[in-house]
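Note sheet for the following structure.
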Amino acid sequence: MIIRGSDAAPISFSRNGLSKAMPELPEVEITVRMLRPMLIGRSITGIENDWPRQIATPEFRLFQERISQRKIQSLDRRGKYIIFTLDNDEFLLVHLKMTGHLSIAAGSEKPDPHVHTTFILNDGDQLRFKDVRKFGRVYLVNNLDEILGQLGPEPLDRDFTGETLHRMLRGRNRVLKPLLLDQTFIAGLGNIYTDEALHDAAIHPSRMAKSLTKIESHLLHQSIRSILLMAIRRNGSTVDNFRKPDGTPGEMQNALKVYGQAGADCPRCGAPIQRMVLGGRGTHYCANCQM
DNA sequence: AAGAGACCCTGGATGC
DNA sequence: TGCATCCAGGGTCTCT
């Protein structure tokens, strides 16, 4: 199931005790929505690349050959992947990871030094993939399952209900926070919105998945959906670095209640927000009202 | 099935 | 003040 949608915003906090953040489902969705009307129907006539490892598959020369002269038929999202459907039934996939960013620029415009892959479009404009940390990857495949086959359900899909989540959590002997970050469990959640959803549902991140009651599972389901939808409505979170494809920031960062808020008052109960490391990831929560 | 650790990479923070 | 070094940060893969 592919989500027909919009554009993305990675987040990035400066170093004062906070953290860097990356594009999660809402930011990828925003990116897709913004790029879609600008790209559908246009052709890729060539590619420039100064860091071939950004092309995950196939090998660069083959990639170059296969992408050339391809027309973009549609633009979609699945989890945190951006999917370009090409006119030869191949798919160009982009994962922004932490600092990736896609934008369209005139060919005459001087590129940012962190742009490593540039798709030349038929009218001279360019689709630029900028990525400071070089974690992001580009894939060209003829079978989507090759890359997306293992992804879990889409949290905003109609089929993903509270009952679904309850069934998925039941019997899972795993700590909740790392499980929610596992893309094969649910596709699209990242560190920021997982912390926010758990806080919203008043559930402690270190609870075991199987310990959630049916009511708690339904609450968490509702929180995951409402947090993601709010983030999409607010054009994603921008802290420091993140920009939408048109260069403007998102607004969701102003609505974050726990992520990056260590030491601040919990908006619900006033107790200080804590930070701990769970599954190797910074985790923000309120020890007083998340049970 | 679950979890720990490594790896990818950069730039801001820290130490000297 | 300037330079060198350290390490956070998220997703994925490998190994146990």
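In the structure tokens, chains take letters A, B, ... by order of appearance, with residues numbered from 1 within each chain and ligands from 1 in the order shown.
Residues of chain C lying within 12 Å of chain A, counting only C-alpha atoms (C1' of nucleotides), are DC7, DA8, DG9, DG10, DG11 and DT12 of chain C.
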Inset, instruction - Return as a PyMOL selection string the residues belonging to chain A that are within 8 Å of chain B, counting only C-alpha atoms (C1' of nucleotides). - result: chain A and resi 15+132-135+173-174
Legend entry - Residues of range 115-269 of chain A in strand (DSSP E or B), written as a ChimeraX atom specification: /A:115-121,126-131,137-141,175,208,265
Export N, CA and C atoms of the chosen residues as a CSV table (one decimal), in the first residue's frame?
chain,number,residue,atom,x,y,z
A,115,VAL,N,25.1,18.9,-2.0
A,115,VAL,CA,24.3,18.2,-3.0
A,115,VAL,C,25.3,17.2,-3.7
A,116,HIS,N,24.9,15.9,-3.6
A,116,HIS,CA,25.8,14.9,-4.2
A,116,HIS,C,25.2,14.2,-5.4
A,117,THR,N,23.9,14.2,-5.5
A,117,THR,CA,23.2,13.6,-6.7
A,117,THR,C,22.3,14.7,-7.2
A,118,THR,N,22.4,14.9,-8.5
A,118,THR,CA,21.5,15.9,-9.2
A,118,THR,C,20.9,15.2,-10.4
A,119,PHE,N,19.6,15.2,-10.5
A,119,PHE,CA,18.9,14.7,-11.6
A,119,PHE,C,18.5,15.9,-12.5
A,120,ILE,N,19.0,15.8,-13.8
A,120,ILE,CA,18.8,16.9,-14.7
A,120,ILE,C,17.4,16.6,-15.4
A,121,LEU,N,16.6,17.6,-15.4
A,121,LEU,CA,15.2,17.5,-15.9
A,121,LEU,C,15.2,18.0,-17.4
A,126,GLN,N,16.7,21.2,-12.2
A,126,GLN,CA,17.3,20.1,-11.6
A,126,GLN,C,16.6,19.6,-10.3
A,127,LEU,N,16.6,18.3,-10.1
A,127,LEU,CA,16.1,17.8,-8.8
A,127,LEU,C,17.4,17.4,-8.0
A,128,ARG,N,17.6,18.1,-6.9
A,128,ARG,CA,18.8,18.0,-6.2
A,128,ARG,C,18.6,17.2,-4.9
A,129,PHE,N,19.5,16.3,-4.6
A,129,PHE,CA,19.5,15.5,-3.4
A,129,PHE,C,20.7,16.0,-2.5
A,130,LYS,N,20.3,16.8,-1.5
A,130,LYS,CA,21.4,17.3,-0.6
A,130,LYS,C,21.4,16.5,0.6
A,131,ASP,N,22.5,16.2,1.1
A,131,ASP,CA,22.6,15.4,2.4
A,131,ASP,C,23.9,15.6,3.1
A,137,ARG,N,20.0,7.5,0.8
A,137,ARG,CA,20.3,6.6,-0.3
A,137,ARG,C,19.3,6.7,-1.4
A,138,VAL,N,19.7,6.4,-2.6
A,138,VAL,CA,18.9,6.3,-3.8
A,138,VAL,C,18.9,4.9,-4.3
A,139,TYR,N,17.7,4.4,-4.7
A,139,TYR,CA,17.6,3.1,-5.3
A,139,TYR,C,16.8,3.1,-6.6
A,140,LEU,N,17.2,2.2,-7.5
A,140,LEU,CA,16.4,2.1,-8.7
A,140,LEU,C,16.1,0.6,-8.9
A,141,VAL,N,14.8,0.3,-8.8
A,141,VAL,CA,14.5,-1.2,-8.8
A,141,VAL,C,13.2,-1.4,-9.8
A,175,VAL,N,10.6,-4.2,24.4
A,175,VAL,CA,10.4,-2.8,25.0
A,175,VAL,C,9.7,-2.0,23.9
A,208,MET,N,6.9,-3.0,28.5
A,208,MET,CA,7.0,-4.1,27.5
A,208,MET,C,5.7,-4.1,26.7
A,265,ASP,N,9.3,21.8,31.8
A,265,ASP,CA,8.1,21.3,32.5
A,265,ASP,C,7.2,20.5,31.6
Legend entry - One-decimal distance in Å that lies between CA of Trp51 in chain A and CA of Ile83 in chain A: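 Here the two named atoms are 21.2 Å from each other.
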Inset, instruction - Find, counting only C-alpha atoms, the residue in A:Pro155, A:Pro58, A:Gly250, A:Pro205 that gets nearest to Leu179 in chain A. - result: A:Pro205
Inset, instruction - From range 187-267 of chain A, collect each residue whose DSSP state is alpha helix (DSSP H) and return the set as a ChimeraX atom specification. - result: /A:191-200,214-233
